[in-house]
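*Asks:* Data file coords-v3.pdb (PDB, C-alpha atoms and all ligand atoms) is appended below.
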```pdb
ATOM      1  CA  MET E  14      21.638   2.097  -1.708
ATOM      2  CA  ALA E  15      20.088  -0.936  -0.068
ATOM      3  CA  ASN E  16      16.367  -0.920  -0.501
ATOM      4  CA  THR E  17      15.780  -3.901   1.738
ATOM      5  CA  ASP E  18      16.741  -2.139   4.933
ATOM      6  CA  ILE E  19      14.235  -2.766   7.684
ATOM      7  CA  LYS E  20      14.010  -0.285  10.502
ATOM      8  CA  ILE E  21      13.655  -1.956  13.875
ATOM      9  CA  VAL E  22      11.254  -0.036  16.081
ATOM     10  CA  THR E  23      10.128  -0.434  19.666
ATOM     11  CA  LYS E  24       6.620   0.950  19.287
ATOM     12  CA  THR E  25       3.641  -0.260  17.304
ATOM     13  CA  THR E  26       3.182   3.231  15.894
ATOM     14  CA  VAL E  27       5.943   4.790  13.837
ATOM     15  CA  SER E  28       6.293   7.960  11.832
ATOM     16  CA  CYS E  29       8.016   8.234   8.496
ATOM     17  CA  ASN E  30       8.874  11.216   6.362
ATOM     18  CA  GLY E  31      10.936   9.420   3.788
ATOM     19  CA  ASN E  32      14.222  10.800   5.030
ATOM     20  CA  THR E  33      15.961   7.685   3.784
ATOM     21  CA  SER E  34      15.099   8.584   0.219
ATOM     22  CA  SER E  35      16.289  11.567  -1.743
ATOM     23  CA  SER E  36      12.875  13.139  -2.241
ATOM     24  CA  GLY E  37      11.130  12.476   1.046
ATOM     25  CA  HIS E  38       7.416  12.854   1.672
ATOM     26  CA  PRO E  39       5.038  14.422   4.217
ATOM     27  CA  ASN E  40       5.319  12.927   7.685
ATOM     28  CA  VAL E  41       2.906  10.032   8.116
ATOM     29  CA  PHE E  42       2.131   7.751  11.011
ATOM     30  CA  LEU E  43       2.025   4.034  10.411
ATOM     31  CA  THR E  44       0.699   1.319  12.686
ATOM     32  CA  LEU E  45       2.434  -2.025  12.674
ATOM     33  CA  ASP E  46       0.316  -4.973  11.651
ATOM     34  CA  ALA E  47      -1.042  -6.690  14.736
ATOM     35  CA  HIS E  48      -0.047 -10.124  13.489
ATOM     36  CA  THR E  49       3.151  -9.680  11.520
ATOM     37  CA  HIS E  50       4.417  -6.721  13.568
ATOM     38  CA  GLU E  51       5.588  -5.167  10.343
ATOM     39  CA  VAL E  52       4.491  -2.281   8.192
ATOM     40  CA  THR E  53       5.674  -0.848   4.914
ATOM     41  CA  CYS E  54       5.453   2.855   4.225
ATOM     42  CA  PRO E  55       3.188   3.411   1.225
ATOM     43  CA  TYR E  56       5.217   6.456   0.186
ATOM     44  CA  CYS E  57       8.818   5.339   0.286
ATOM     45  CA  SER E  58       8.464   1.567   0.837
ATOM     46  CA  GLN E  59      10.517   1.783   4.003
ATOM     47  CA  LYS E  60       9.892  -1.327   6.066
ATOM     48  CA  PHE E  61       9.446  -1.195   9.803
ATOM     49  CA  LYS E  62       9.547  -4.193  12.095
ATOM     50  CA  LEU E  63       8.896  -4.444  15.791
ATOM     51  CA  ASP E  64      11.866  -5.249  17.973
ATOM     52  CA  PRO E  65      11.097  -8.745  19.298
ATOM     53  CA  ASN E  66      12.510  -7.636  22.640
ATOM     54  CA  ALA E  67      10.237  -4.630  22.854
ATOM     55  CA  LYS E  68       7.694  -4.697  25.618
ATOM     56  CA  VAL E  69       4.367  -3.928  24.038
ATOM     57  CA  SER E  70       1.237  -4.107  26.080
ATOM     58  CA  ALA E  71      -0.875  -6.882  24.649
ATOM     59  CA  GLY E  72      -4.054  -5.437  26.048
ATOM     60  CA  HIS E  73      -4.718  -8.234  28.494
TER
HETATM   61 ZN    ZN E 101       8.079   6.747   4.208
END
```
Would you mind writing the file out in structure tokens?
*Replies:*
Amino acid sequence: MANTDIKIVTKTTVSCNGNTSSSGHPNVFLTLDAHTHEVTCPYCSQKFKLDPNAKVSAGH
């Protein structure tokens, strides 16, 4: 099993329930870091990264 897989997402908020691991964990919502556009799930260490082509409102 590759543990360096990064899930590419198109939203700055993602949910994770650890379904990539054998045990799983309660569903949690994670917010991507505003600067790195990445977040790592504290439960299963799944990495999420924002799709660079995703259109995210910058709040201007
Ligand atoms: Zn997780």
*Asks:* Name each residue within 12 Å of ligand ZN 101 (chain E), counting only C-alpha atoms and all ligand atoms, as an MDAnalysis selection string.
*Replies:* chainID E and resid 19:20 27:43 52:61
*Asks:* State, in Å with one decimal place, the distance from atom CA of E:Ala67 to atom CA of E:Ile21.
*Replies:*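 Going from atom CA of E:Ala67 over to atom CA of E:Ile21 covers 10.0 Å.
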*Asks:* To one decimal in Å, tell me the separation between atom CA of E:His48 and atom CA of E:Asn66.
*Replies:*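 Distance reported for this atom pair: 15.7 Å.
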*Asks:* For the structure shown, which residues end up in the PyMOL selection byres (((chain E and resi 49) around 12) and not hetatm)? Put them as a list in words, please?
*Replies:* Thr25, Thr44, Leu45, Asp46, Ala47, His48, His50, Glu51, Val52, Thr53, Phe61, Lys62, Leu63, Asp64 and Pro65 of chain E
*Asks:* Can you report as AutoDock Vina command-line options the centre and edge lengths in Å, to one decimal, of an axis-aligned box around the listed atoms of stretch 55-64 of chain E padded with 6 Å on each side?
*Replies:*
```
--center_x 7.5 --center_y 0.6 --center_z 9.1 --size_x 20.7 --size_y 23.7 --size_z 29.8
```
